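Asker: Here's a structure for you.
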Amino acid sequence: MNFEDQKYRIQGIPLTEIANTFGTPLYVYDGQKILDKVALLKQAFSKVNLKIKYATKALSNINILKLMKKAGTGVDAVSIEEVKLCLHAGFEPHEIMYTPNSVSFAEIQLAVEMGVMINIDNIPMLEHFGTFYGNSVPVCIRLNPHILAGGNAKISVGHIDSKFGISILQLKHVLKVVQAYDLNVIGLHVHTGSDILDATVFLKGAEILFDAAREFKGLKFLDFGGGFKVAYKPGDVATDILDVGDKVSEAFNKFCKEYGSELEIWFEPGKFLVSEAGLLLVQVNVVKSTPASTFVGVNSGLNHLIRPMMYDAYHDVVNISKVDGPERVYTIVGYICETDTIAADRKLKEVQEGDILAIKNAGAYGFSMSSNYNSRLRPAEILVLNGQPHLIREREEFEDVLRHQIDLDL
Ligand code: LLP
């Protein structure tokens, strides 16, 4: 969104025009911004053999996946359905990393049959894998580095009591299993959390990965997961990706020399690539003053964007229907029968019924975490590419809410 001229546009197209054409609520993604972020990440890690595995879960529309493919990334998928989506979007199996948690061995077998890279995150599955495949299928092992980092307790997953990964303290046990089944371990993986600002966290993760990697022969890659922090609030500091790139690359190259082979370095960013490229456009249904606050009720809510309620996440909101005029303080709320506060006590250009608000940073974990709660319909999605808005998902209709319900003759 261009704020400088105070006319809210994506690639020259006024957002109000997009809202008028396609209706609201509406997710809008700036394809160019996504491509620019991929390019920036490649630049940051230009001194190492980087493979980007975009975290599909952040925004999984097949057109976004196709855009990533065009930009030269691979993908990280966390469910068999995401694997299928990535294959559908045109990724080759070898470009897909499958990082499941708490899935059945049957699902892992399905993924093996599809030919994707398997990332195992617990010892029992590693043993099943060994029993079935021995060394015939290469495998990656997800380790839990026991680093506490990330923006919110729910998205800090590298701590000691996390369900993710195999504790680094159990490395000896892992090595025994690897030896017993002669496993062909070609990668090691860590993911510490989301919203990580500090380069030292990635360096700490790197040291833990390097220490573990010294115990394995024949590794081809080390996967550092995702988690780069993006700016959500005005004035927020984001991960300095060039700085992280420099520091991690230096440590990585040093390790590769010691290891005696030029390993690939993998990252699985979600937010970094798509958060800032996405907006949720909503319309004001009501402006309601109470003795305490002035509420702005919009035609959306936690069913479309759950991040503010689930993680206390801050999303910047602007009134794109008003370029000039006075500002007032409002609390923007959804239309769901829950306290679904999208943004509390925010200064916006004076709001009237019918105005369109843009909720920023809605690209990552926006649509992909949406639901039909309150039997509401999910929004349409638009991808703006080469100055053109493209409808990439139709708005749901009432029939979609009824779909799959069995109408008994009662
Ligand atoms: N790799 C793995 C194994 C992950 O579990 C995740 C995120 C990522 C990569 C990508 O992380 P990112 O670069 O997007 O921070 N719904 C939450 C975030 C959950 C992240 C789950 N795992 C949110 O909206 O903040």
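Following the order of the structure tokens, first chain is A, next is B, and so on, with residues numbered from 1 inside each chain and ligands from 1 in the order they appear.
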Write out as a count of residues only the set of residues from region 7-199 of chain A that DSSP, computed on the backbone, places in helix (DSSP H, G or I).

Answerer: 86

Asker: With only C-alpha atoms and all ligand atoms counted, collect every polymer residue having an atom within 7 Å of ligand 1; state the result as a list in words.

Answerer: Ala55, Ala58, Asp76, Thr99, Ile155, His191, Gly193, Ser194, Asp195, Gly225, Gly226, Gly227, Phe228, Lys229, Glu268, Pro269, Gly270, Lys271, Phe272, Arg307, Tyr311, Ala364 and Tyr365 of chain A

Asker: Output the selection as a compact mmCIF listing (two decimals), in the first residue's frame - N, CA and C atoms for each residue.

Answerer:
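out_22.txt, written as the output of this step:
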# COMPACT_ATOMS: atom_id res chain seq x y z
N ALA A 55 6.72 -21.52 3.56
CA ALA A 55 5.80 -22.20 4.49
C ALA A 55 4.37 -22.07 3.97
N ALA A 58 1.12 -20.47 5.60
CA ALA A 58 0.89 -19.04 5.80
C ALA A 58 -0.19 -18.51 4.85
N ASP A 76 7.48 -25.76 2.02
CA ASP A 76 7.36 -26.62 3.19
C ASP A 76 5.86 -26.87 3.38
N THR A 99 6.79 -31.51 6.61
CA THR A 99 7.14 -31.36 8.03
C THR A 99 5.91 -31.54 8.90
N ILE A 155 3.35 -19.24 19.59
CA ILE A 155 4.14 -19.44 18.36
C ILE A 155 5.63 -19.58 18.66
N HIS A 191 13.17 -25.39 13.92
CA HIS A 191 12.33 -24.20 13.76
C HIS A 191 12.04 -23.71 15.16
N GLY A 193 10.57 -20.64 16.21
CA GLY A 193 9.32 -19.92 16.48
C GLY A 193 9.08 -18.88 15.42
N SER A 194 8.04 -18.09 15.65
CA SER A 194 7.66 -17.07 14.68
C SER A 194 7.91 -15.70 15.30
N ASP A 195 8.12 -14.68 14.47
CA ASP A 195 8.37 -13.30 14.93
C ASP A 195 9.71 -13.18 15.65
N GLY A 225 14.34 -23.59 9.37
CA GLY A 225 12.94 -23.25 9.61
C GLY A 225 12.59 -21.85 9.15
N GLY A 226 11.54 -21.30 9.76
CA GLY A 226 11.11 -19.94 9.38
C GLY A 226 11.27 -19.00 10.55
N GLY A 227 10.41 -17.99 10.63
CA GLY A 227 10.37 -17.18 11.84
C GLY A 227 10.87 -15.75 11.75
N PHE A 228 11.31 -15.29 10.56
CA PHE A 228 11.77 -13.90 10.48
C PHE A 228 10.62 -12.97 10.84
N LYS A 229 10.94 -11.96 11.63
CA LYS A 229 9.88 -11.05 12.09
C LYS A 229 9.64 -9.96 11.06
N GLU A 268 12.47 -21.69 5.79
CA GLU A 268 11.03 -21.92 5.51
C GLU A 268 10.20 -20.71 5.93
N PRO A 269 10.44 -19.56 5.32
CA PRO A 269 9.70 -18.39 5.77
C PRO A 269 8.25 -18.39 5.31
N GLY A 270 7.39 -17.94 6.18
CA GLY A 270 5.99 -17.72 5.82
C GLY A 270 5.73 -16.23 5.87
N LYS A 271 5.69 -15.69 7.10
CA LYS A 271 5.39 -14.27 7.28
C LYS A 271 6.29 -13.36 6.45
N PHE A 272 7.59 -13.67 6.45
CA PHE A 272 8.54 -12.80 5.75
C PHE A 272 8.14 -12.60 4.29
N ARG A 307 -5.91 -13.70 14.09
CA ARG A 307 -4.64 -13.38 14.76
C ARG A 307 -4.78 -12.40 15.94
N TYR A 311 -3.55 -14.38 19.20
CA TYR A 311 -2.16 -14.08 19.63
C TYR A 311 -2.01 -12.66 20.17
N ALA A 364 -0.18 -13.30 5.76
CA ALA A 364 0.22 -14.56 6.41
C ALA A 364 -0.74 -14.92 7.52
N TYR A 365 -1.22 -16.14 7.52
CA TYR A 365 -2.10 -16.68 8.55
C TYR A 365 -3.41 -15.87 8.66

Asker: Using only C-alpha atoms, can you tell me which of A:Leu408, A:Ala238, A:Gly301, A:Ala277 comes closest to Gln32 (chain A)?

Answerer: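 Of all the options, A:Ala277 lies closest to Gln32 (chain A).
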
Asker: Could you please determine the separation between CA of Gly74 (chain A) and CA of Glu95 (chain A) in Å, to one decimal place?

Answerer: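 The value is 4.8 Å.
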
Asker: Using Å and a single decimal, report how far CA of Tyr98 (chain A) sits from CA of Phe164 (chain A).

Answerer: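 For CA of Phe164 (chain A) relative to CA of Tyr98 (chain A), the distance reads 14.0 Å.
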
Asker: Select from region 255-371 of chain A every residue with an atom at most 10 Å from any atom of region 15-23 of chain A, then for each give the shortest pair of atoms and their distance in Å to one decimal, using only C-alpha atoms, rows by chain and rising number, as a Markdown table.

Answerer:
| residue | atom | partner | partner_atom | distance |
| --- | --- | --- | --- | --- |
| A:Leu279 | CA | A:Leu15 | CA | 9.7 |
| A:Leu281 | CA | A:Ala19 | CA | 7.1 |
| A:Val282 | CA | A:Ala19 | CA | 8.5 |
| A:Gln283 | CA | A:Gly23 | CA | 9.0 |
| A:Ile320 | CA | A:Thr16 | CA | 6.9 |
| A:Ser321 | CA | A:Thr16 | CA | 6.9 |
| A:Asp355 | CA | A:Thr16 | CA | 9.4 |
| A:Ile356 | CA | A:Thr16 | CA | 7.3 |
| A:Leu357 | CA | A:Thr16 | CA | 9.4 |
| A:Ala358 | CA | A:Leu15 | CA | 8.6 |

Asker: What's around His304 (chain A) at 8 Å? Count only C-alpha atoms, leave out sequence neighbours fewer than 2 positions away in its own chain, and write the answer as a list of chain:residue names.

Answerer: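 So the residues in contact are A:Ser300, A:Gly301, A:Leu302, A:Ile306, A:Gly366, A:Phe367, A:Met369, A:Ser370, A:Ser371, A:Arg378, A:Pro379.
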
Asker: Would you write out those residues with C-alpha atoms, as a PDB file, in the first residue's frame?

Answerer:
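Contents of again15.pdb, freshly written:
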ATOM      1  CA  SER A 300     -15.662  -9.438   9.126  1.00  0.00           C
ATOM      2  CA  GLY A 301     -14.258 -10.793  12.355  1.00  0.00           C
ATOM      3  CA  LEU A 302     -12.387 -13.652  13.958  1.00  0.00           C
ATOM      4  CA  ILE A 306      -8.135 -14.684  14.041  1.00  0.00           C
ATOM      5  CA  GLY A 366      -5.121 -14.627   7.479  1.00  0.00           C
ATOM      6  CA  PHE A 367      -7.224 -16.514   4.975  1.00  0.00           C
ATOM      7  CA  MET A 369      -6.735 -19.648   9.375  1.00  0.00           C
ATOM      8  CA  SER A 370     -10.249 -18.530   8.424  1.00  0.00           C
ATOM      9  CA  SER A 371     -13.396 -20.484   9.233  1.00  0.00           C
ATOM     10  CA  ARG A 378     -15.302 -16.822   3.760  1.00  0.00           C
ATOM     11  CA  PRO A 379     -14.077 -13.826   1.718  1.00  0.00           C
TER      12      PRO A 379
END

Asker: Nearest to Pro100 (chain A) among A:His146, A:Lys349, A:Lys163, A:Lys66, with distances taken over only C-alpha atoms: which residue is it?

Answerer: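 Among A:His146, A:Lys349, A:Lys163, A:Lys66, it is A:Lys163 that comes nearest to Pro100 (chain A).
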
Asker: Give the strand (DSSP E or B) residues of region 186-323 of chain A, as DSSP finds them on the backbone, and put them as a PyMOL selection string.

Answerer: chain A and resi 186-189+193+196+221-223+228+264-267+278-289+294-298+317-319

Asker: Limited to N, CA and C atoms, could you put the picked residues into a file as a compact mmCIF listing (two decimals), in the first residue's frame?

Answerer:
# COMPACT_ATOMS: atom_id res chain seq x y z
N ILE A 186 19.72 -37.16 5.37
CA ILE A 186 20.41 -36.18 4.52
C ILE A 186 20.17 -34.74 4.97
N GLY A 187 19.30 -34.55 5.98
CA GLY A 187 19.06 -33.19 6.45
C GLY A 187 18.72 -33.16 7.92
N LEU A 188 19.04 -32.04 8.55
CA LEU A 188 18.61 -31.78 9.93
C LEU A 188 17.86 -30.46 9.93
N HIS A 189 16.86 -30.38 10.81
CA HIS A 189 15.94 -29.24 10.78
C HIS A 189 15.71 -28.69 12.18
N GLY A 193 10.57 -20.64 16.21
CA GLY A 193 9.32 -19.92 16.48
C GLY A 193 9.08 -18.88 15.42
N ILE A 196 10.75 -13.76 15.08
CA ILE A 196 12.07 -13.69 15.73
C ILE A 196 12.87 -12.54 15.11
N PHE A 221 21.77 -31.05 3.53
CA PHE A 221 21.26 -29.71 3.86
C PHE A 221 21.01 -29.57 5.35
N LEU A 222 21.02 -28.31 5.79
CA LEU A 222 20.57 -27.97 7.14
C LEU A 222 19.43 -26.98 6.97
N ASP A 223 18.33 -27.23 7.67
CA ASP A 223 17.12 -26.43 7.51
C ASP A 223 16.89 -25.63 8.79
N PHE A 228 11.31 -15.29 10.56
CA PHE A 228 11.77 -13.90 10.48
C PHE A 228 10.62 -12.97 10.84
N GLU A 264 23.55 -27.46 1.47
CA GLU A 264 22.54 -26.45 1.18
C GLU A 264 22.01 -25.92 2.50
N ILE A 265 21.65 -24.63 2.52
CA ILE A 265 20.99 -24.07 3.70
C ILE A 265 19.54 -23.80 3.31
N TRP A 266 18.63 -24.32 4.11
CA TRP A 266 17.20 -24.17 3.82
C TRP A 266 16.56 -23.23 4.84
N PHE A 267 15.66 -22.40 4.37
CA PHE A 267 14.81 -21.59 5.25
C PHE A 267 13.36 -21.80 4.82
N GLY A 278 -0.32 -8.69 2.04
CA GLY A 278 -1.76 -8.94 2.09
C GLY A 278 -2.53 -7.93 2.91
N LEU A 279 -3.72 -7.60 2.44
CA LEU A 279 -4.64 -6.72 3.16
C LEU A 279 -5.98 -7.40 3.24
N LEU A 280 -6.69 -7.15 4.32
CA LEU A 280 -8.09 -7.57 4.38
C LEU A 280 -8.94 -6.30 4.31
N LEU A 281 -9.71 -6.18 3.25
CA LEU A 281 -10.59 -5.01 3.10
C LEU A 281 -11.96 -5.35 3.67
N VAL A 282 -12.42 -4.50 4.56
CA VAL A 282 -13.72 -4.75 5.20
C VAL A 282 -14.55 -3.48 5.12
N GLN A 283 -15.87 -3.64 5.26
CA GLN A 283 -16.74 -2.46 5.19
C GLN A 283 -17.36 -2.18 6.56
N VAL A 284 -17.54 -0.91 6.84
CA VAL A 284 -18.11 -0.51 8.14
C VAL A 284 -19.62 -0.68 8.09
N ASN A 285 -20.13 -1.51 9.00
CA ASN A 285 -21.58 -1.71 9.11
C ASN A 285 -22.22 -0.70 10.06
N VAL A 286 -21.47 -0.37 11.12
CA VAL A 286 -22.07 0.50 12.14
C VAL A 286 -20.97 1.23 12.93
N VAL A 287 -21.26 2.46 13.27
CA VAL A 287 -20.39 3.20 14.20
C VAL A 287 -21.22 3.41 15.45
N LYS A 288 -20.76 2.84 16.55
CA LYS A 288 -21.61 2.76 17.75
C LYS A 288 -20.88 3.35 18.95
N SER A 289 -21.42 4.44 19.45
CA SER A 289 -20.77 5.07 20.62
C SER A 289 -21.36 4.53 21.90
N THR A 294 -15.92 4.25 21.16
CA THR A 294 -16.68 4.28 19.91
C THR A 294 -16.27 3.06 19.11
N PHE A 295 -17.23 2.17 18.93
CA PHE A 295 -16.95 0.92 18.20
C PHE A 295 -17.25 1.11 16.73
N VAL A 296 -16.37 0.53 15.92
CA VAL A 296 -16.63 0.45 14.49
C VAL A 296 -16.87 -1.02 14.19
N GLY A 297 -18.10 -1.37 13.84
CA GLY A 297 -18.43 -2.77 13.56
C GLY A 297 -18.32 -3.03 12.07
N VAL A 298 -17.53 -4.04 11.71
CA VAL A 298 -17.26 -4.29 10.28
C VAL A 298 -17.80 -5.65 9.84
N VAL A 317 -4.65 -0.62 10.98
CA VAL A 317 -5.91 -0.45 10.23
C VAL A 317 -5.98 0.98 9.71
N VAL A 318 -6.38 1.14 8.45
CA VAL A 318 -6.58 2.49 7.91
C VAL A 318 -7.95 2.58 7.24
N ASN A 319 -8.48 3.79 7.28
CA ASN A 319 -9.75 4.05 6.61
C ASN A 319 -9.42 4.53 5.19

Asker: Measuring between only C-alpha atoms, which one of A:Ala39, A:Leu219, A:Leu87, A:Leu197 shows the shortest distance to Val139 (chain A)?

Answerer: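 Counting only C-alpha atoms, the residue closest to Val139 (chain A) is A:Leu219.
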
Asker: What is the distance, in Å and to one decimal place, between CA of Tyr133 (chain A) and CA of Val116 (chain A)?

Answerer: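 Computing it gives 14.2 Å between the two atoms.
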
Asker: Which residues, written as a PyMOL selection string, have at least one atom at most 10 Å from Asp400 (chain A), with only C-alpha atoms counted and residues fewer than 4 positions away on the same chain left out?

Answerer: chain A and resi 372+375-378+395-396+404-405
